[in-house]
$ cat my_file-v5.txt   # compact mmCIF, C-alpha atoms
# COMPACT_ATOMS: atom_id res chain seq x y z
CA MET A 1 0.20 6.70 19.35
CA SER A 2 1.66 4.67 22.22
CA SER A 3 -0.47 1.95 23.71
CA ASP A 4 -0.21 3.65 27.15
CA VAL A 5 -1.69 6.85 25.77
CA GLN A 6 -4.40 4.84 24.02
CA ARG A 7 -5.27 3.02 27.25
CA ILE A 8 -5.57 6.29 29.17
CA LEU A 9 -7.70 7.87 26.44
CA GLU A 10 -9.93 4.76 26.37
CA ALA A 11 -10.61 5.22 30.08
CA ALA A 12 -11.25 8.96 29.64
CA ASP A 13 -13.65 8.25 26.77
CA PHE A 14 -15.45 5.55 28.79
CA ALA A 15 -15.80 7.88 31.80
CA ALA A 16 -16.98 10.78 29.61
CA LYS A 17 -19.72 8.61 28.09
CA LYS A 18 -20.80 7.28 31.48
CA HIS A 19 -20.87 10.71 33.14
CA LYS A 20 -22.26 12.58 30.08
CA ASN A 21 -25.53 13.69 31.69
CA GLN A 22 -24.03 14.51 35.10
CA ARG A 23 -23.00 17.89 36.47
CA ARG A 24 -20.98 18.94 39.49
CA LYS A 25 -22.84 20.69 42.30
CA ASP A 26 -20.99 23.98 41.81
CA PRO A 27 -23.02 27.07 40.85
CA GLU A 28 -21.85 26.76 37.22
CA GLY A 29 -23.01 23.14 36.94
CA THR A 30 -19.60 22.10 35.59
CA PRO A 31 -19.66 18.89 33.52
CA TYR A 32 -18.95 15.99 35.88
CA ILE A 33 -16.19 14.58 33.67
CA ASN A 34 -14.02 17.53 34.75
CA HIS A 35 -13.72 15.82 38.15
CA PRO A 36 -12.14 12.48 37.10
CA LEU A 37 -10.00 14.32 34.55
CA GLY A 38 -8.88 16.69 37.31
CA VAL A 39 -8.09 13.82 39.69
CA SER A 40 -5.93 12.20 36.99
CA ARG A 41 -4.23 15.52 36.27
CA ILE A 42 -3.38 15.96 39.97
CA LEU A 43 -1.82 12.49 39.98
CA THR A 44 0.36 13.19 36.94
CA HIS A 45 1.24 16.85 37.51
CA GLU A 46 1.53 17.00 41.28
CA ALA A 47 2.30 13.45 42.38
CA GLY A 48 4.41 12.43 39.40
CA ILE A 49 2.33 9.33 38.72
CA THR A 50 2.79 7.80 35.26
CA ASP A 51 1.38 4.33 35.97
CA VAL A 52 -1.33 3.75 33.36
CA ILE A 53 -3.38 1.50 35.64
CA ILE A 54 -3.54 4.13 38.40
CA LEU A 55 -4.46 6.85 35.90
CA GLN A 56 -7.17 4.67 34.36
CA ALA A 57 -8.57 3.93 37.82
CA ALA A 58 -8.56 7.66 38.61
CA LEU A 59 -10.52 8.39 35.44
CA LEU A 60 -13.00 5.61 36.27
CA HIS A 61 -13.15 6.04 40.06
CA ASP A 62 -16.75 7.31 40.21
CA THR A 63 -18.29 5.33 37.35
CA VAL A 64 -19.52 2.39 39.43
CA GLU A 65 -20.66 4.60 42.32
CA ASP A 66 -22.42 7.27 40.24
CA THR A 67 -23.52 5.61 36.97
CA ASP A 68 -24.93 2.29 35.76
CA THR A 69 -21.41 0.90 35.27
CA THR A 70 -20.66 -2.47 36.84
CA LEU A 71 -17.37 -3.74 38.21
CA ALA A 72 -17.56 -6.57 35.67
CA GLU A 73 -17.75 -3.97 32.89
CA ILE A 74 -14.66 -2.20 34.29
CA GLU A 75 -12.75 -5.49 34.43
CA GLU A 76 -13.83 -6.52 30.95
CA SER A 77 -12.77 -3.18 29.45
CA PHE A 78 -9.71 -2.31 31.56
CA GLY A 79 -8.55 -5.44 33.38
CA GLU A 80 -8.60 -6.92 36.85
CA LYS A 81 -6.12 -4.49 38.43
CA VAL A 82 -8.06 -1.38 37.37
CA ARG A 83 -11.28 -3.04 38.58
CA SER A 84 -9.62 -3.83 41.91
CA ILE A 85 -8.59 -0.19 42.49
CA VAL A 86 -12.02 1.11 41.43
CA THR A 87 -13.60 -1.39 43.85
CA GLU A 88 -11.48 -0.06 46.71
CA VAL A 89 -12.50 3.56 46.11
CA THR A 90 -16.20 2.90 45.45
CA ASP A 91 -18.67 3.62 48.24
CA ASP A 92 -21.42 1.09 48.98
CA LYS A 93 -24.55 3.02 47.99
CA SER A 94 -26.74 0.61 49.96
CA LEU A 95 -25.39 2.25 53.13
CA SER A 96 -26.57 5.60 54.48
CA LYS A 97 -24.46 8.65 53.68
CA GLU A 98 -23.18 8.75 57.26
CA GLU A 99 -22.26 5.04 57.19
CA ARG A 100 -20.43 5.51 53.86
CA LYS A 101 -18.43 8.38 55.32
CA GLN A 102 -17.48 6.30 58.37
CA GLN A 103 -16.52 3.37 56.11
CA GLN A 104 -14.14 5.63 54.16
CA ILE A 105 -12.39 6.68 57.38
CA LYS A 106 -12.17 3.07 58.60
CA HIS A 107 -11.16 1.60 55.22
CA ALA A 108 -8.53 4.21 54.19
CA PRO A 109 -5.52 2.73 56.05
CA HIS A 110 -6.17 -0.71 54.52
CA CYS A 111 -6.31 0.36 50.86
CA SER A 112 -3.64 -0.52 48.34
CA ARG A 113 -1.07 2.16 47.54
CA GLU A 114 -2.78 2.68 44.17
CA ALA A 115 -6.20 3.23 45.75
CA LYS A 116 -4.68 5.56 48.35
CA LEU A 117 -3.20 7.70 45.56
CA VAL A 118 -6.59 7.95 43.84
CA LYS A 119 -8.28 8.81 47.15
CA LEU A 120 -5.71 11.49 48.00
CA ALA A 121 -6.08 13.13 44.59
CA ASP A 122 -9.87 12.85 44.79
CA LYS A 123 -9.97 14.55 48.19
CA LEU A 124 -7.55 17.23 47.01
CA TYR A 125 -9.68 17.97 43.94
CA ASN A 126 -12.90 18.13 45.98
CA LEU A 127 -11.42 20.33 48.71
CA ARG A 128 -9.97 22.75 46.16
CA ASP A 129 -13.39 22.86 44.51
CA LEU A 130 -15.03 23.62 47.87
CA LYS A 131 -12.48 26.36 48.48
CA ARG A 132 -13.25 27.84 45.05
CA CYS A 133 -17.03 27.90 45.52
CA THR A 134 -19.77 26.52 47.74
CA PRO A 135 -21.95 23.88 46.06
CA ALA A 136 -25.60 24.78 45.50
CA GLY A 137 -27.56 24.12 48.68
CA TRP A 138 -24.51 23.76 50.93
CA THR A 139 -24.11 25.84 54.08
CA GLU A 140 -20.73 26.99 55.39
CA LYS A 141 -21.22 24.47 58.23
CA ARG A 142 -21.58 21.62 55.71
CA VAL A 143 -18.40 22.74 53.92
CA GLU A 144 -16.57 22.80 57.27
CA GLU A 145 -17.88 19.32 58.14
CA TYR A 146 -16.66 18.02 54.76
CA PHE A 147 -13.16 19.41 55.41
CA ILE A 148 -13.09 17.78 58.87
CA TRP A 149 -14.29 14.44 57.49
CA ALA A 150 -11.80 14.61 54.60
CA SER A 151 -8.97 15.23 57.08
CA GLN A 152 -10.01 12.07 58.94
CA VAL A 153 -9.94 10.04 55.70
CA VAL A 154 -6.57 11.55 54.73
CA ALA A 155 -5.15 10.62 58.15
CA GLY A 156 -5.53 6.97 57.12
CA LEU A 157 -3.83 7.58 53.77
CA ARG A 158 -0.66 9.19 55.16
CA GLY A 159 2.72 7.99 54.00
CA THR A 160 1.53 7.46 50.43
CA ASN A 161 2.62 10.61 48.57
CA GLN A 162 4.34 13.55 50.25
CA ALA A 163 3.42 16.11 47.56
CA LEU A 164 -0.31 15.35 47.74
CA GLU A 165 -0.28 15.20 51.53
CA MET A 166 1.50 18.57 51.74
CA SER A 167 -1.07 20.14 49.41
CA LEU A 168 -3.89 18.70 51.51
CA ASP A 169 -2.23 19.87 54.74
CA ALA A 170 -2.03 23.41 53.34
CA LEU A 171 -5.80 23.37 52.71
CA PHE A 172 -6.50 21.97 56.19
CA LYS A 173 -4.21 24.58 57.75
CA GLU A 174 -6.06 27.39 55.97
CA ARG A 175 -9.23 26.19 57.67
CA SER A 176 -7.48 25.55 60.99
CA ILE A 177 -8.19 21.82 60.86
CA LEU A 178 -5.65 19.78 62.78
CA THR A 179 -4.28 16.83 60.87
CA GLY A 180 -2.72 13.64 62.13
$ encode --input "my_file-v5.txt" --output "structure tokens"
Amino acid sequence: MSSDVQRILEAADFAAKKHKNQRRKDPEGTPYINHPLGVSRILTHEAGITDVIILQAALLHDTVEDTDTTLAEIEESFGEKVRSIVTEVTDDKSLSKEERKQQQIKHAPHCSREAKLVKLADKLYNLRDLKRCTPAGWTEKRVEEYFIWASQVVAGLRGTNQALEMSLDALFKERSILTG
């Protein structure tokens, strides 16, 4: 087995262990690991990304934010560059939800290309999931607000990957959300 494949599988295994007791908010309660796996799949299949570091960061992108994983643990297991990308895409949980959302909009244009790719794929996965079904406890208004907010984040990520941006634009267009 190639070392690149091993490195990607190591990250997938790490993420699966960290997210093992988590579920998505969809009515089926899908295992959470499907999300980082799906984000990585979008990057490879739709954006043509083969960079192991970006794919590892995609697999690990929610571990620090949503589990007991530390950035030091990410760096120790996967290196400084993966840790750096994960840091860029991790929300500061000490802030309110509204402040975190505003920070994502403000921070997006200043991210590295690698972090922008992970963010684009993450937004695309989440928006497709919202299109597929409404999460438990969400109103149609909340779904609409998420799409609007996501379009504001994506505006700051433009110029990173045409294929992902076109897929996102198609989703925004379906909901009549103007994009910049």
$ residues_near_point --input "my_file-v5.txt" --point "(-16.2, -0.1, 42.9)" --cutoff "12 Å" --atoms "all atoms listed in the file" --output "PyMOL selection string"
chain A and resi 57-58+60-75+80-93+115
$ closest_residue --input "my_file-v5.txt" --among "A:Leu95, A:Cys133, A:Ala15, A:Leu164" --to "Thr44 (chain A)" --atoms "only C-alpha atoms"
A:Leu164
$ atom_distance --input "my_file-v5.txt" --atom1 "CA of Val52 (chain A)" --atom2 "CA of Asp4 (chain A)"
6.3 Å
$ residues_around --input "my_file-v5.txt" --residues "Gly48 (chain A)" --least-positions-apart "4" --cutoff "12 Å" --atoms "only C-alpha atoms" --output "list in words"
Ser40, Arg41, Ile42, Leu43, Thr44, Ile54, Leu55, Leu117, Ala121, Asn161, Gln162, Ala163 and Leu164 of chain A
$ atom_distance --input "my_file-v5.txt" --atom1 "CA of Lys106 (chain A)" --atom2 "CA of Gly156 (chain A)"
7.8 Å
$ atom_distance --input "my_file-v5.txt" --atom1 "CA of His35 (chain A)" --atom2 "CA of Lys17 (chain A)"
13.8 Å
$ residues_around --input "my_file-v5.txt" --residues "Ser167 (chain A)" --least-positions-apart "6" --cutoff "10 Å" --atoms "only C-alpha atoms" --output "ChimeraX atom specification"
/A:46,120-121,124,128,173
$ closest_residue --input "my_file-v5.txt" --among "A:Asn21, A:Gln152, A:Thr160, A:Ser112" --to "Ile49 (chain A)" --atoms "only C-alpha atoms"
A:Thr160
$ residues_around --input "my_file-v5.txt" --residues "Phe147 (chain A)" --least-positions-apart "2" --cutoff "10 Å" --atoms "only C-alpha atoms" --output "MDAnalysis selection string"
chainID A and resid 123 126:127 130:131 141:145 149:153 171:172 175 177
$ residues_around --input "my_file-v5.txt" --residues "Ala12 (chain A)" --least-positions-apart "2" --cutoff "8 Å" --atoms "only C-alpha atoms" --output "ChimeraX atom specification"
/A:8-10,14-16,37,56,59-60
$ write_last_selection --input "my_file-v5.txt" --atoms "C-alpha atoms" --output "PDB file, in the frame of the given file"
ATOM      1  CA  ILE A   8      -5.570   6.290  29.170  1.00  0.00           C
ATOM      2  CA  LEU A   9      -7.700   7.870  26.440  1.00  0.00           C
ATOM      3  CA  GLU A  10      -9.930   4.760  26.370  1.00  0.00           C
ATOM      4  CA  PHE A  14     -15.450   5.550  28.790  1.00  0.00           C
ATOM      5  CA  ALA A  15     -15.800   7.880  31.800  1.00  0.00           C
ATOM      6  CA  ALA A  16     -16.980  10.780  29.610  1.00  0.00           C
ATOM      7  CA  LEU A  37     -10.000  14.320  34.550  1.00  0.00           C
ATOM      8  CA  GLN A  56      -7.170   4.670  34.360  1.00  0.00           C
ATOM      9  CA  LEU A  59     -10.520   8.390  35.440  1.00  0.00           C
ATOM     10  CA  LEU A  60     -13.000   5.610  36.270  1.00  0.00           C
TER      11      LEU A  60
END
